[in-house]
>>> print(open('query-v4.cif').read())   # mmCIF, N, CA and C atoms
data_query
loop_
_atom_site.label_atom_id
_atom_site.label_comp_id
_atom_site.auth_asym_id
_atom_site.auth_seq_id
_atom_site.Cartn_x
_atom_site.Cartn_y
_atom_site.Cartn_z
N MET K 1 -13.27 27.31 -31.44
CA MET K 1 -14.19 28.11 -30.65
C MET K 1 -14.53 27.36 -29.37
N ALA K 2 -14.77 28.12 -28.33
CA ALA K 2 -15.16 27.58 -27.04
C ALA K 2 -16.29 28.44 -26.48
N THR K 3 -17.05 27.87 -25.61
CA THR K 3 -18.13 28.62 -24.97
C THR K 3 -17.66 29.09 -23.61
N GLY K 4 -17.94 30.34 -23.30
CA GLY K 4 -17.57 30.91 -22.01
C GLY K 4 -18.73 31.68 -21.42
N PHE K 5 -18.51 32.22 -20.26
CA PHE K 5 -19.57 32.93 -19.55
C PHE K 5 -19.28 34.42 -19.48
N ARG K 6 -20.33 35.22 -19.52
CA ARG K 6 -20.23 36.67 -19.49
C ARG K 6 -20.85 37.25 -18.21
N VAL K 7 -20.93 36.48 -17.16
CA VAL K 7 -21.57 36.94 -15.94
C VAL K 7 -20.81 38.13 -15.36
N GLY K 8 -19.49 38.07 -15.35
CA GLY K 8 -18.69 39.19 -14.84
C GLY K 8 -18.93 40.46 -15.64
N GLU K 9 -19.00 40.34 -16.97
CA GLU K 9 -19.26 41.50 -17.81
C GLU K 9 -20.66 42.05 -17.57
N GLU K 10 -21.64 41.16 -17.46
CA GLU K 10 -23.02 41.60 -17.21
C GLU K 10 -23.14 42.27 -15.84
N LEU K 11 -22.38 41.80 -14.87
CA LEU K 11 -22.39 42.43 -13.54
C LEU K 11 -21.82 43.85 -13.65
N ARG K 12 -20.75 44.03 -14.43
CA ARG K 12 -20.19 45.38 -14.62
C ARG K 12 -21.18 46.28 -15.35
N ILE K 13 -21.87 45.75 -16.35
CA ILE K 13 -22.88 46.53 -17.08
C ILE K 13 -24.01 46.92 -16.12
N TYR K 14 -24.47 45.96 -15.32
CA TYR K 14 -25.52 46.25 -14.34
C TYR K 14 -25.09 47.38 -13.41
N ASN K 15 -23.87 47.30 -12.90
CA ASN K 15 -23.39 48.33 -11.98
C ASN K 15 -23.31 49.69 -12.65
N ARG K 16 -22.89 49.72 -13.91
CA ARG K 16 -22.79 50.99 -14.62
C ARG K 16 -24.18 51.58 -14.87
N LEU K 17 -25.12 50.76 -15.31
CA LEU K 17 -26.46 51.25 -15.62
C LEU K 17 -27.26 51.60 -14.37
N ALA K 18 -27.07 50.83 -13.32
CA ALA K 18 -27.82 51.05 -12.09
C ALA K 18 -27.14 52.06 -11.18
N HIS K 19 -25.95 52.52 -11.58
CA HIS K 19 -25.16 53.42 -10.74
C HIS K 19 -25.04 52.82 -9.34
N ASP K 20 -24.70 51.55 -9.33
CA ASP K 20 -24.64 50.78 -8.09
C ASP K 20 -23.34 49.99 -8.12
N GLU K 21 -23.00 49.37 -7.04
CA GLU K 21 -21.82 48.51 -6.99
C GLU K 21 -22.19 47.17 -6.37
N MET K 22 -22.93 46.37 -7.14
CA MET K 22 -23.27 45.03 -6.67
C MET K 22 -22.02 44.16 -6.77
N SER K 23 -21.68 43.51 -5.71
CA SER K 23 -20.53 42.62 -5.68
C SER K 23 -20.96 41.21 -6.07
N GLN K 24 -19.98 40.35 -6.29
CA GLN K 24 -20.29 38.95 -6.55
C GLN K 24 -21.02 38.33 -5.36
N SER K 25 -20.63 38.71 -4.16
CA SER K 25 -21.30 38.13 -2.99
C SER K 25 -22.76 38.60 -2.90
N GLU K 26 -23.02 39.85 -3.28
CA GLU K 26 -24.40 40.34 -3.28
C GLU K 26 -25.21 39.66 -4.39
N LEU K 27 -24.59 39.46 -5.56
CA LEU K 27 -25.25 38.72 -6.64
C LEU K 27 -25.59 37.31 -6.17
N ALA K 28 -24.67 36.69 -5.48
CA ALA K 28 -24.92 35.34 -4.94
C ALA K 28 -26.08 35.36 -3.95
N ARG K 29 -26.08 36.34 -3.05
CA ARG K 29 -27.13 36.42 -2.04
C ARG K 29 -28.50 36.63 -2.69
N GLN K 30 -28.59 37.58 -3.62
CA GLN K 30 -29.88 37.89 -4.24
C GLN K 30 -30.39 36.77 -5.15
N SER K 31 -29.46 36.05 -5.78
CA SER K 31 -29.88 35.00 -6.71
C SER K 31 -30.08 33.65 -6.03
N GLY K 32 -29.51 33.49 -4.84
CA GLY K 32 -29.59 32.21 -4.17
C GLY K 32 -28.57 31.20 -4.70
N VAL K 33 -27.60 31.67 -5.48
CA VAL K 33 -26.54 30.82 -6.01
C VAL K 33 -25.34 30.96 -5.08
N HIS K 34 -24.71 29.86 -4.74
CA HIS K 34 -23.58 29.88 -3.81
C HIS K 34 -22.48 30.81 -4.34
N PHE K 35 -21.83 31.55 -3.44
CA PHE K 35 -20.80 32.51 -3.83
C PHE K 35 -19.67 31.86 -4.63
N VAL K 36 -19.23 30.69 -4.22
CA VAL K 36 -18.13 30.02 -4.94
C VAL K 36 -18.54 29.75 -6.39
N THR K 37 -19.79 29.36 -6.59
CA THR K 37 -20.29 29.12 -7.95
C THR K 37 -20.28 30.40 -8.76
N VAL K 38 -20.78 31.49 -8.18
CA VAL K 38 -20.79 32.79 -8.88
C VAL K 38 -19.37 33.20 -9.22
N ASN K 39 -18.46 33.08 -8.28
CA ASN K 39 -17.08 33.47 -8.50
C ASN K 39 -16.43 32.63 -9.61
N ARG K 40 -16.66 31.34 -9.60
CA ARG K 40 -16.07 30.47 -10.64
C ARG K 40 -16.65 30.77 -12.02
N ILE K 41 -17.94 31.09 -12.08
CA ILE K 41 -18.56 31.44 -13.36
C ILE K 41 -17.98 32.78 -13.85
N CYS K 42 -17.89 33.76 -12.96
CA CYS K 42 -17.37 35.08 -13.34
C CYS K 42 -15.93 34.99 -13.84
N ARG K 43 -15.17 34.07 -13.29
CA ARG K 43 -13.76 33.92 -13.68
C ARG K 43 -13.56 32.88 -14.79
N ASN K 44 -14.67 32.36 -15.34
CA ASN K 44 -14.63 31.35 -16.40
C ASN K 44 -13.81 30.13 -16.00
N LEU K 45 -13.98 29.70 -14.77
CA LEU K 45 -13.27 28.52 -14.27
C LEU K 45 -14.15 27.28 -14.22
N THR K 46 -15.34 27.38 -14.77
CA THR K 46 -16.24 26.24 -14.77
C THR K 46 -16.68 25.96 -16.20
N THR K 47 -17.01 24.73 -16.49
CA THR K 47 -17.42 24.37 -17.84
C THR K 47 -18.89 23.99 -17.93
N ARG K 48 -19.53 23.82 -16.77
CA ARG K 48 -20.95 23.43 -16.77
C ARG K 48 -21.72 24.27 -15.77
N VAL K 49 -22.84 24.78 -16.22
CA VAL K 49 -23.71 25.56 -15.35
C VAL K 49 -25.14 25.13 -15.62
N ASP K 50 -25.87 24.87 -14.57
CA ASP K 50 -27.26 24.47 -14.67
C ASP K 50 -28.08 25.63 -15.24
N LEU K 51 -29.07 25.31 -16.07
CA LEU K 51 -29.92 26.35 -16.65
C LEU K 51 -30.66 27.14 -15.58
N ALA K 52 -31.04 26.50 -14.51
CA ALA K 52 -31.71 27.21 -13.42
C ALA K 52 -30.79 28.24 -12.80
N THR K 53 -29.50 27.94 -12.73
CA THR K 53 -28.52 28.89 -12.20
C THR K 53 -28.43 30.10 -13.10
N LEU K 54 -28.33 29.88 -14.41
CA LEU K 54 -28.29 31.00 -15.36
C LEU K 54 -29.57 31.83 -15.27
N ASP K 55 -30.69 31.15 -15.10
CA ASP K 55 -31.97 31.86 -14.98
C ASP K 55 -32.00 32.75 -13.74
N ARG K 56 -31.53 32.25 -12.61
CA ARG K 56 -31.54 33.03 -11.38
C ARG K 56 -30.57 34.21 -11.46
N LEU K 57 -29.39 33.99 -12.04
CA LEU K 57 -28.43 35.09 -12.19
C LEU K 57 -28.96 36.16 -13.14
N SER K 58 -29.54 35.73 -14.25
CA SER K 58 -30.05 36.71 -15.22
C SER K 58 -31.23 37.50 -14.66
N ALA K 59 -32.04 36.88 -13.81
CA ALA K 59 -33.16 37.60 -13.20
C ALA K 59 -32.66 38.75 -12.34
N VAL K 60 -31.61 38.52 -11.59
CA VAL K 60 -31.05 39.57 -10.73
C VAL K 60 -30.38 40.66 -11.57
N LEU K 61 -29.67 40.24 -12.63
CA LEU K 61 -28.94 41.20 -13.45
C LEU K 61 -29.82 41.91 -14.47
N GLY K 62 -31.06 41.47 -14.62
CA GLY K 62 -31.98 42.12 -15.55
C GLY K 62 -31.64 41.87 -17.00
N CYS K 63 -31.20 40.66 -17.31
CA CYS K 63 -30.88 40.32 -18.69
C CYS K 63 -31.45 38.94 -19.00
N GLU K 64 -31.25 38.48 -20.21
CA GLU K 64 -31.70 37.15 -20.60
C GLU K 64 -30.62 36.12 -20.28
N PRO K 65 -30.99 34.88 -19.98
CA PRO K 65 -29.98 33.86 -19.70
C PRO K 65 -28.95 33.72 -20.83
N GLY K 66 -29.38 33.88 -22.06
CA GLY K 66 -28.47 33.78 -23.19
C GLY K 66 -27.42 34.87 -23.22
N ASP K 67 -27.70 36.00 -22.56
CA ASP K 67 -26.72 37.08 -22.49
C ASP K 67 -25.52 36.71 -21.63
N LEU K 68 -25.65 35.66 -20.83
CA LEU K 68 -24.59 35.27 -19.91
C LEU K 68 -23.63 34.24 -20.50
N VAL K 69 -23.88 33.84 -21.75
CA VAL K 69 -23.05 32.83 -22.41
C VAL K 69 -22.60 33.39 -23.76
N GLU K 70 -21.33 33.11 -24.12
CA GLU K 70 -20.85 33.56 -25.43
C GLU K 70 -19.85 32.56 -26.00
N ARG K 71 -19.71 32.60 -27.28
CA ARG K 71 -18.69 31.81 -27.95
C ARG K 71 -17.41 32.60 -27.99
N GLN K 72 -16.30 31.99 -27.64
CA GLN K 72 -15.02 32.68 -27.59
C GLN K 72 -14.01 31.94 -28.45
N ALA K 73 -13.10 32.70 -29.04
CA ALA K 73 -12.00 32.08 -29.78
C ALA K 73 -11.09 31.38 -28.79
N ARG K 74 -10.60 30.24 -29.15
CA ARG K 74 -9.67 29.52 -28.27
C ARG K 74 -8.35 30.28 -28.21
N ARG K 75 -7.74 30.26 -27.04
CA ARG K 75 -6.44 30.91 -26.87
C ARG K 75 -5.36 30.03 -27.45
N ARG K 76 -4.42 30.64 -28.12
CA ARG K 76 -3.27 29.89 -28.64
C ARG K 76 -2.23 29.74 -27.56
N ARG K 77 -1.60 28.59 -27.54
CA ARG K 77 -0.58 28.34 -26.52
C ARG K 77 0.79 28.60 -27.06
#
>>> encode(input="query-v4.cif", output="structure tokens")
Amino acid sequence: MATGFRVGEELRIYNRLAHDEMSQSELARQSGVHFVTVNRICRNLTTRVDLATLDRLSAVLGCEPGDLVERQARRRR
């Protein structure tokens, strides 16, 4: 098992529920998190994220910080 991020999924859920199209760059702007950081988290290309970052992203997306993290099965090679 590995831990991954669900920020991209939560952004899609937000857009569907809000009938809006918030982009990663808009999420970055509203949360105050650098765009590159948001993009890397959404693409699961990072292994460490500060709790304050998760808190700011979840505040914009209207979810709990824990909703942005999940346990994932490891991919077989």
>>> select_by_dssp(input="query-v4.cif", residues="chain K", states="helix (DSSP H, G or I)", output="NGL selection string")
:K and (7-18 or 24-31 or 35-42 or 51-61 or 65-68)
>>> atom_distance(input="query-v4.cif", atom1="CA of Asp55 (chain K)", atom2="atom N of Met22 (chain K)")
18.8 Å
>>> atom_distance(input="query-v4.cif", atom1="CA of Gln24 (chain K)", atom2="CA of Val36 (chain K)")
9.3 Å
>>> residues_around(input="query-v4.cif", residues="region 2-7 of chain K", least_positions_apart="3", cutoff="5 Å", atoms="only N, CA and C atoms", output="compact mmCIF listing (two decimals) with N, CA and C atoms, keeping the file's coordinate frame")
# COMPACT_ATOMS: atom_id res chain seq x y z
N GLU K 10 -21.64 41.16 -17.46
CA GLU K 10 -23.02 41.60 -17.21
C GLU K 10 -23.14 42.27 -15.84
N LEU K 11 -22.38 41.80 -14.87
CA LEU K 11 -22.39 42.43 -13.54
C LEU K 11 -21.82 43.85 -13.65
N LEU K 68 -25.65 35.66 -20.83
CA LEU K 68 -24.59 35.27 -19.91
C LEU K 68 -23.63 34.24 -20.50
N VAL K 69 -23.88 33.84 -21.75
CA VAL K 69 -23.05 32.83 -22.41
C VAL K 69 -22.60 33.39 -23.76
N GLU K 70 -21.33 33.11 -24.12
CA GLU K 70 -20.85 33.56 -25.43
C GLU K 70 -19.85 32.56 -26.00
N ARG K 71 -19.71 32.60 -27.28
CA ARG K 71 -18.69 31.81 -27.95
C ARG K 71 -17.41 32.60 -27.99
N GLN K 72 -16.30 31.99 -27.64
CA GLN K 72 -15.02 32.68 -27.59
C GLN K 72 -14.01 31.94 -28.45
N ALA K 73 -13.10 32.70 -29.04
CA ALA K 73 -12.00 32.08 -29.78
C ALA K 73 -11.09 31.38 -28.79
N ARG K 74 -10.60 30.24 -29.15
CA ARG K 74 -9.67 29.52 -28.27
C ARG K 74 -8.35 30.28 -28.21
>>> resolve_selection(input="query-v4.cif", expression="the PyMOL selection byres (((chain K and resi 12-16 and name CA) around 12) and name CA)", output="PyMOL selection string")
chain K and resi 6-11+17-24+26-27+42+57-63+67-68
>>> axis_aligned_box(input="query-v4.cif", around="region 27-44 of chain K", padding_each_side="6 Å", output="lines of an AutoDock Vina configuration file")
center_x = -22.0
center_y = 34.3
center_z = -9.2
size_x = 28.8
size_y = 22.3
size_z = 26.4
>>> atom_distance(input="query-v4.cif", atom1="CA of Phe35 (chain K)", atom2="atom C of Gly66 (chain K)")
20.6 Å
>>> closest_residue(input="query-v4.cif", among="K:Asn44, K:Arg56, K:Pro65, K:Val49", to="Arg29 (chain K)", atoms="only C-alpha atoms")
K:Arg56
>>> select_by_dssp(input="query-v4.cif", residues="chain K", states="strand (DSSP E or B)", output="number ranges by chain")
K: 2-5, 69-72
>>> decode(input="query-v4.cif", residues="region 8-29 of chain K", atoms="C-alpha atoms", output="short mmCIF file (atom, residue, chain, number, x, y, z; two decimals), in the first residue's frame")
data_model
loop_
_atom_site.label_atom_id
_atom_site.label_comp_id
_atom_site.auth_asym_id
_atom_site.auth_seq_id
_atom_site.Cartn_x
_atom_site.Cartn_y
_atom_site.Cartn_z
CA GLY K 8 -7.46 16.22 -8.62
CA GLU K 9 -10.51 14.08 -7.84
CA GLU K 10 -11.78 16.56 -5.25
CA LEU K 11 -11.36 19.38 -7.78
CA ARG K 12 -13.49 17.42 -10.28
CA ILE K 13 -16.12 16.78 -7.58
CA TYR K 14 -16.10 20.48 -6.67
CA ASN K 15 -16.60 21.45 -10.31
CA ARG K 16 -19.46 18.99 -10.74
CA LEU K 17 -21.27 20.07 -7.55
CA ALA K 18 -20.66 23.78 -8.03
CA HIS K 19 -21.48 23.62 -11.75
CA ASP K 20 -18.24 25.51 -12.20
CA GLU K 21 -14.91 24.89 -13.89
CA MET K 22 -12.23 25.79 -11.38
CA SER K 23 -8.82 25.10 -12.89
CA GLN K 24 -5.68 24.11 -11.07
CA SER K 25 -4.38 27.64 -11.55
CA GLU K 26 -7.55 29.09 -9.99
CA LEU K 27 -7.26 26.62 -7.09
CA ALA K 28 -3.67 27.77 -6.64
CA ARG K 29 -4.68 31.43 -6.72
#
